[in-house]
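Each remark here refers to the structure printed beneath this line.
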Amino acid sequence: MTNHAGVHEKGSFSLQDLMETIKKNSDFAKTGAIGLFVGLVRGENNEGQTVQKLTLEAYEEKANEVLETICADLQKRPGIVEVQIHHLLGEFNVGEDLVYVSVAGSHRPEVFSVLREAVERYKHEAPVFKKEQTVNQKGETQASWVSEKQNSPQ
């Protein structure tokens with residue numbers, strides 16, 4: 001079905017697919033908690049502009065490599081059974097899923113800390129590019145590429 005991580009065209013991978021792959025892990029019996037992060041398209045950016053849609057692209061080969069490396073690194077942590085990161089690519093409307101990050105582990109404290117680290121790492125390390133289409137107060141549509149640093153609150 002899929003590896004532990006990677007980029008996928010919109011519609012080719014779902015939250016249900018993710019849950020199925022987690023449960024197929026040969027060490028799943030050691031799992032006492034699954035933490036899940038689902039990134040969505042917000043309807044407003046940090047400048048207060050209305051977001052109409054996002055287009056996501058990636059340097060796919062490198063993105064797959066980076067996401068797999070993050071998962072492999074974090075999976076070595078004590079109590080962690082499995083880490084997965086799946087980023088979707090294509091055109092997205094407000095409210096649609098963009099990314100799934102899951103951490104399966106023995107106990108919730110380890111799961112929560114690794115989940116947060118996985119999210120922060122993919123946002124800063126993976127070559128995934130976001131083009132935001134917005135509407136300003138005058139009703140004018142504009143599109144621009146944004147970085148995670150520009151779009152993330154400090």
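Just so we're on the same page: first chain in the structure tokens is A, next is B, and so on; residues restart at 1 for each chain, and ligands are numbered from 1 in the order they show up.
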
Run DSSP on the backbone and grab whatever in chain A lands in strand (DSSP E); send it over as number ranges by chain.
A: 5-9, 33-40, 50-58, 80-93, 97-105, 128-135, 141-146

Using the chain letters and numbers from this document, which residues of chain A does DSSP assign to helix (DSSP H, G or I), as a PDB file with N, CA and C atoms, in the first residue's frame?
```pdb
ATOM      1  N   LEU A  15      -6.945   9.152   5.550  1.00  0.00           N
ATOM      2  CA  LEU A  15      -6.802   8.867   6.973  1.00  0.00           C
ATOM      3  C   LEU A  15      -7.091   7.397   7.260  1.00  0.00           C
ATOM      4  N   GLN A  16      -8.053   6.842   6.574  1.00  0.00           N
ATOM      5  CA  GLN A  16      -8.360   5.411   6.738  1.00  0.00           C
ATOM      6  C   GLN A  16      -7.178   4.550   6.298  1.00  0.00           C
ATOM      7  N   ASP A  17      -6.519   4.928   5.186  1.00  0.00           N
ATOM      8  CA  ASP A  17      -5.323   4.198   4.748  1.00  0.00           C
ATOM      9  C   ASP A  17      -4.249   4.237   5.829  1.00  0.00           C
ATOM     10  N   LEU A  18      -4.074   5.394   6.437  1.00  0.00           N
ATOM     11  CA  LEU A  18      -3.081   5.544   7.496  1.00  0.00           C
ATOM     12  C   LEU A  18      -3.377   4.599   8.653  1.00  0.00           C
ATOM     13  N   MET A  19      -4.604   4.600   9.131  1.00  0.00           N
ATOM     14  CA  MET A  19      -4.965   3.750  10.265  1.00  0.00           C
ATOM     15  C   MET A  19      -4.768   2.264   9.938  1.00  0.00           C
ATOM     16  N   GLU A  20      -5.077   1.882   8.712  1.00  0.00           N
ATOM     17  CA  GLU A  20      -4.881   0.486   8.309  1.00  0.00           C
ATOM     18  C   GLU A  20      -3.405   0.097   8.331  1.00  0.00           C
ATOM     19  N   THR A  21      -2.531   0.995   7.875  1.00  0.00           N
ATOM     20  CA  THR A  21      -1.098   0.669   7.865  1.00  0.00           C
ATOM     21  C   THR A  21      -0.548   0.588   9.282  1.00  0.00           C
ATOM     22  N   ILE A  22      -1.036   1.438  10.182  1.00  0.00           N
ATOM     23  CA  ILE A  22      -0.573   1.389  11.575  1.00  0.00           C
ATOM     24  C   ILE A  22      -0.914   0.033  12.187  1.00  0.00           C
ATOM     25  N   LYS A  23      -2.133  -0.418  11.977  1.00  0.00           N
ATOM     26  CA  LYS A  23      -2.588  -1.665  12.594  1.00  0.00           C
ATOM     27  C   LYS A  23      -1.931  -2.904  12.001  1.00  0.00           C
ATOM     28  N   PHE A  28       2.428  -3.996  16.534  1.00  0.00           N
ATOM     29  CA  PHE A  28       1.251  -3.244  16.963  1.00  0.00           C
ATOM     30  C   PHE A  28       0.766  -3.645  18.360  1.00  0.00           C
ATOM     31  N   ALA A  29       0.989  -4.880  18.785  1.00  0.00           N
ATOM     32  CA  ALA A  29       0.546  -5.328  20.115  1.00  0.00           C
ATOM     33  C   ALA A  29       1.207  -4.531  21.244  1.00  0.00           C
ATOM     34  N   LYS A  30       2.329  -3.868  20.965  1.00  0.00           N
ATOM     35  CA  LYS A  30       3.014  -3.038  21.960  1.00  0.00           C
ATOM     36  C   LYS A  30       2.397  -1.641  22.069  1.00  0.00           C
ATOM     37  N   GLU A  60       9.528  15.860  -5.055  1.00  0.00           N
ATOM     38  CA  GLU A  60       8.998  14.599  -4.536  1.00  0.00           C
ATOM     39  C   GLU A  60      10.063  13.621  -4.061  1.00  0.00           C
ATOM     40  N   GLU A  61      11.076  13.397  -4.854  1.00  0.00           N
ATOM     41  CA  GLU A  61      12.101  12.424  -4.460  1.00  0.00           C
ATOM     42  C   GLU A  61      12.758  12.826  -3.142  1.00  0.00           C
ATOM     43  N   LYS A  62      13.129  14.099  -3.023  1.00  0.00           N
ATOM     44  CA  LYS A  62      13.773  14.584  -1.806  1.00  0.00           C
ATOM     45  C   LYS A  62      12.782  14.612  -0.644  1.00  0.00           C
ATOM     46  N   ALA A  63      11.540  15.016  -0.890  1.00  0.00           N
ATOM     47  CA  ALA A  63      10.526  15.054   0.169  1.00  0.00           C
ATOM     48  C   ALA A  63      10.300  13.661   0.738  1.00  0.00           C
ATOM     49  N   ASN A  64      10.185  12.665  -0.125  1.00  0.00           N
ATOM     50  CA  ASN A  64      10.011  11.285   0.341  1.00  0.00           C
ATOM     51  C   ASN A  64      11.191  10.852   1.213  1.00  0.00           C
ATOM     52  N   GLU A  65      12.396  11.186   0.767  1.00  0.00           N
ATOM     53  CA  GLU A  65      13.605  10.832   1.516  1.00  0.00           C
ATOM     54  C   GLU A  65      13.617  11.512   2.887  1.00  0.00           C
ATOM     55  N   VAL A  66      13.319  12.801   2.931  1.00  0.00           N
ATOM     56  CA  VAL A  66      13.325  13.553   4.189  1.00  0.00           C
ATOM     57  C   VAL A  66      12.264  13.017   5.149  1.00  0.00           C
ATOM     58  N   LEU A  67      11.054  12.780   4.649  1.00  0.00           N
ATOM     59  CA  LEU A  67       9.979  12.290   5.512  1.00  0.00           C
ATOM     60  C   LEU A  67      10.306  10.905   6.063  1.00  0.00           C
ATOM     61  N   GLU A  68      10.862  10.033   5.231  1.00  0.00           N
ATOM     62  CA  GLU A  68      11.263   8.694   5.700  1.00  0.00           C
ATOM     63  C   GLU A  68      12.354   8.803   6.764  1.00  0.00           C
ATOM     64  N   THR A  69      13.302   9.708   6.572  1.00  0.00           N
ATOM     65  CA  THR A  69      14.395   9.891   7.539  1.00  0.00           C
ATOM     66  C   THR A  69      13.851  10.376   8.880  1.00  0.00           C
ATOM     67  N   ILE A  70      12.948  11.345   8.850  1.00  0.00           N
ATOM     68  CA  ILE A  70      12.343  11.844  10.096  1.00  0.00           C
ATOM     69  C   ILE A  70      11.659  10.691  10.828  1.00  0.00           C
ATOM     70  N   CYS A  71      10.865   9.923  10.113  1.00  0.00           N
ATOM     71  CA  CYS A  71      10.149   8.799  10.736  1.00  0.00           C
ATOM     72  C   CYS A  71      11.117   7.776  11.323  1.00  0.00           C
ATOM     73  N   ALA A  72      12.148   7.423  10.571  1.00  0.00           N
ATOM     74  CA  ALA A  72      13.127   6.435  11.042  1.00  0.00           C
ATOM     75  C   ALA A  72      13.853   6.940  12.286  1.00  0.00           C
ATOM     76  N   ASP A  73      14.237   8.215  12.295  1.00  0.00           N
ATOM     77  CA  ASP A  73      14.919   8.796  13.462  1.00  0.00           C
ATOM     78  C   ASP A  73      14.032   8.734  14.697  1.00  0.00           C
ATOM     79  N   LEU A  74      12.803   9.172  14.550  1.00  0.00           N
ATOM     80  CA  LEU A  74      11.901   9.256  15.702  1.00  0.00           C
ATOM     81  C   LEU A  74      11.428   7.885  16.175  1.00  0.00           C
ATOM     82  N   GLN A  75      11.378   6.949  15.268  1.00  0.00           N
ATOM     83  CA  GLN A  75      10.928   5.599  15.619  1.00  0.00           C
ATOM     84  C   GLN A  75      11.934   4.878  16.524  1.00  0.00           C
ATOM     85  N   ARG A 108       1.178   7.412  26.295  1.00  0.00           N
ATOM     86  CA  ARG A 108       0.869   8.722  25.734  1.00  0.00           C
ATOM     87  C   ARG A 108       1.961   9.774  25.903  1.00  0.00           C
ATOM     88  N   PRO A 109       2.706   9.843  27.019  1.00  0.00           N
ATOM     89  CA  PRO A 109       3.727  10.905  27.114  1.00  0.00           C
ATOM     90  C   PRO A 109       4.752  10.844  25.977  1.00  0.00           C
ATOM     91  N   GLU A 110       5.225   9.634  25.662  1.00  0.00           N
ATOM     92  CA  GLU A 110       6.188   9.497  24.566  1.00  0.00           C
ATOM     93  C   GLU A 110       5.531   9.824  23.230  1.00  0.00           C
ATOM     94  N   VAL A 111       4.302   9.369  23.061  1.00  0.00           N
ATOM     95  CA  VAL A 111       3.586   9.605  21.805  1.00  0.00           C
ATOM     96  C   VAL A 111       3.410  11.102  21.569  1.00  0.00           C
ATOM     97  N   PHE A 112       2.969  11.850  22.585  1.00  0.00           N
ATOM     98  CA  PHE A 112       2.712  13.284  22.416  1.00  0.00           C
ATOM     99  C   PHE A 112       3.982  14.051  22.078  1.00  0.00           C
ATOM    100  N   SER A 113       5.084  13.755  22.787  1.00  0.00           N
ATOM    101  CA  SER A 113       6.315  14.507  22.528  1.00  0.00           C
ATOM    102  C   SER A 113       6.880  14.202  21.144  1.00  0.00           C
ATOM    103  N   VAL A 114       6.825  12.951  20.721  1.00  0.00           N
ATOM    104  CA  VAL A 114       7.331  12.585  19.396  1.00  0.00           C
ATOM    105  C   VAL A 114       6.419  13.144  18.296  1.00  0.00           C
ATOM    106  N   LEU A 115       5.119  13.152  18.532  1.00  0.00           N
ATOM    107  CA  LEU A 115       4.186  13.713  17.550  1.00  0.00           C
ATOM    108  C   LEU A 115       4.502  15.184  17.296  1.00  0.00           C
ATOM    109  N   ARG A 116       4.688  15.936  18.350  1.00  0.00           N
ATOM    110  CA  ARG A 116       5.012  17.365  18.191  1.00  0.00           C
ATOM    111  C   ARG A 116       6.317  17.545  17.409  1.00  0.00           C
ATOM    112  N   GLU A 117       7.336  16.759  17.763  1.00  0.00           N
ATOM    113  CA  GLU A 117       8.616  16.869  17.073  1.00  0.00           C
ATOM    114  C   GLU A 117       8.490  16.481  15.595  1.00  0.00           C
ATOM    115  N   ALA A 118       7.711  15.450  15.307  1.00  0.00           N
ATOM    116  CA  ALA A 118       7.515  15.029  13.916  1.00  0.00           C
ATOM    117  C   ALA A 118       6.868  16.154  13.097  1.00  0.00           C
ATOM    118  N   VAL A 119       5.875  16.809  13.665  1.00  0.00           N
ATOM    119  CA  VAL A 119       5.194  17.904  12.956  1.00  0.00           C
ATOM    120  C   VAL A 119       6.169  19.058  12.714  1.00  0.00           C
ATOM    121  N   GLU A 120       6.884  19.459  13.742  1.00  0.00           N
ATOM    122  CA  GLU A 120       7.819  20.580  13.582  1.00  0.00           C
ATOM    123  C   GLU A 120       8.917  20.250  12.575  1.00  0.00           C
ATOM    124  N   ARG A 121       9.408  19.031  12.599  1.00  0.00           N
ATOM    125  CA  ARG A 121      10.483  18.662  11.676  1.00  0.00           C
ATOM    126  C   ARG A 121      10.003  18.628  10.228  1.00  0.00           C
ATOM    127  N   TYR A 122       8.847  18.020   9.958  1.00  0.00           N
ATOM    128  CA  TYR A 122       8.421  17.962   8.552  1.00  0.00           C
ATOM    129  C   TYR A 122       8.175  19.369   8.022  1.00  0.00           C
ATOM    130  N   LYS A 123       7.625  20.256   8.857  1.00  0.00           N
ATOM    131  CA  LYS A 123       7.327  21.613   8.411  1.00  0.00           C
ATOM    132  C   LYS A 123       8.597  22.374   8.034  1.00  0.00           C
ATOM    133  N   HIS A 124       9.700  22.091   8.703  1.00  0.00           N
ATOM    134  CA  HIS A 124      10.937  22.821   8.454  1.00  0.00           C
ATOM    135  C   HIS A 124      11.919  22.101   7.537  1.00  0.00           C
ATOM    136  N   GLU A 125      11.796  20.780   7.396  1.00  0.00           N
ATOM    137  CA  GLU A 125      12.799  20.021   6.650  1.00  0.00           C
ATOM    138  C   GLU A 125      12.335  19.530   5.281  1.00  0.00           C
ATOM    139  N   GLU A 148       6.781  28.155   5.361  1.00  0.00           N
ATOM    140  CA  GLU A 148       6.253  27.823   6.687  1.00  0.00           C
ATOM    141  C   GLU A 148       6.635  28.878   7.696  1.00  0.00           C
ATOM    142  N   LYS A 149       7.814  29.485   7.543  1.00  0.00           N
ATOM    143  CA  LYS A 149       8.252  30.512   8.483  1.00  0.00           C
ATOM    144  C   LYS A 149       7.352  31.742   8.401  1.00  0.00           C
ATOM    145  N   GLN A 150       6.907  32.100   7.175  1.00  0.00           N
ATOM    146  CA  GLN A 150       6.004  33.239   7.016  1.00  0.00           C
ATOM    147  C   GLN A 150       4.623  32.921   7.562  1.00  0.00           C
ATOM    148  N   ASN A 151       4.214  31.691   7.457  1.00  0.00           N
ATOM    149  CA  ASN A 151       2.830  31.317   7.746  1.00  0.00           C
ATOM    150  C   ASN A 151       2.644  30.729   9.147  1.00  0.00           C
TER     151      ASN A 151
END
```

Using only C-alpha atoms, find the one residue out of A:Tyr100, A:Asn45, A:His86, A:Tyr59 that sits nearest to A:Val146.
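Of A:Tyr100, A:Asn45, A:His86, A:Tyr59, the one nearest A:Val146 is A:Asn45, counting only C-alpha atoms.
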
Looking at only C-alpha atoms, which of A:Ile34, A:Glu9, A:Thr55, A:Thr50 is the one that sits closest to A:Val101?
A:Ile34

Between A:Gly139, A:Gly32, A:Gly95, A:Gly90, single out the one closest to A:Val7, counting only C-alpha atoms.
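Answer, going by the shortest atom-to-atom distance: A:Gly90.
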
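Checking A:Asn25, A:Val41, A:Ala104, A:Val128 one by one against A:Leu89, counting only C-alpha atoms, you find the shortest gap at A:Val128.
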
Polymer residues at most 7 Å from A:His8, only C-alpha atoms, same-chain spacing of 3 or more positions, as a list in words
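Residues meeting the cut-off are Ser12, Phe13, His87, Leu88 and Leu89 of chain A.
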
Give me the residues near A:His107 as a ChimeraX atom specification, where near means some atom within 8 Å (using only C-alpha atoms) and where sequence neighbours in that chain fewer than 6 positions away do not count.
/A:31-33,79

Convert the current residue selection to file output with N, CA and C atoms, as a CSV table (one decimal), in the first residue's frame.
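Saved file out03.csv follows:
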```
chain,number,residue,atom,x,y,z
A,31,THR,N,1.5,-1.3,21.2
A,31,THR,CA,0.9,0.0,21.1
A,31,THR,C,-0.2,0.2,22.2
A,32,GLY,N,-0.1,1.3,23.0
A,32,GLY,CA,-1.1,1.6,23.9
A,32,GLY,C,-1.7,3.0,23.6
A,33,ALA,N,-1.1,3.7,22.6
A,33,ALA,CA,-1.7,5.0,22.3
A,33,ALA,C,-1.2,5.3,20.8
A,79,GLY,N,9.9,3.4,23.6
A,79,GLY,CA,8.5,3.3,23.7
A,79,GLY,C,7.7,3.6,22.4
```

Could you work out how far atom CA of A:Val83 lies from atom CA of A:Glu57, giving the answer in Å with one decimal?
22.7 Å

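The shortest atom-to-atom distance to A:Val94, with only C-alpha atoms taken into account, belongs to A:Gln52 out of A:Lys10, A:Val81, A:Val135, A:Gln52.
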
Show which residues sit within 12 Å of A:Phe92, as a PDB file with C-alpha atoms, in the first residue's frame. Count only C-alpha atoms, and ignore same-chain residues fewer than 5 positions away.
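Output below, filename result.pdb:
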```
ATOM      1  CA  GLU A   9      -1.406  13.162  -4.883  1.00  0.00           C
ATOM      2  CA  LYS A  10      -4.652  14.347  -3.329  1.00  0.00           C
ATOM      3  CA  GLY A  11      -7.171  11.498  -3.276  1.00  0.00           C
ATOM      4  CA  GLY A  39      -3.161  19.494   9.006  1.00  0.00           C
ATOM      5  CA  LEU A  40      -6.014  21.335   7.289  1.00  0.00           C
ATOM      6  CA  VAL A  41      -6.406  24.337   4.976  1.00  0.00           C
ATOM      7  CA  ARG A  42      -7.257  27.365   7.119  1.00  0.00           C
ATOM      8  CA  GLY A  43      -9.698  29.921   5.749  1.00  0.00           C
ATOM      9  CA  VAL A  51      -7.790  32.045   1.828  1.00  0.00           C
ATOM     10  CA  GLN A  52      -9.677  30.594  -1.145  1.00  0.00           C
ATOM     11  CA  LYS A  53      -7.428  27.633  -1.848  1.00  0.00           C
ATOM     12  CA  LEU A  54      -3.916  26.218  -1.578  1.00  0.00           C
ATOM     13  CA  THR A  55      -1.805  24.464  -4.143  1.00  0.00           C
ATOM     14  CA  LEU A  56       0.892  22.183  -2.791  1.00  0.00           C
ATOM     15  CA  GLU A  57       3.856  20.909  -4.754  1.00  0.00           C
ATOM     16  CA  ASP A  97      -6.810  17.578   4.774  1.00  0.00           C
ATOM     17  CA  LEU A  98      -3.206  18.379   3.782  1.00  0.00           C
ATOM     18  CA  VAL A  99      -1.036  16.146   5.949  1.00  0.00           C
ATOM     19  CA  LYS A 130       2.611  26.048  -0.747  1.00  0.00           C
ATOM     20  CA  LYS A 131       0.920  28.555  -3.062  1.00  0.00           C
ATOM     21  CA  GLU A 132      -1.859  30.456  -1.340  1.00  0.00           C
ATOM     22  CA  GLN A 133      -4.741  32.069  -3.236  1.00  0.00           C
TER      23      GLN A 133
END
```
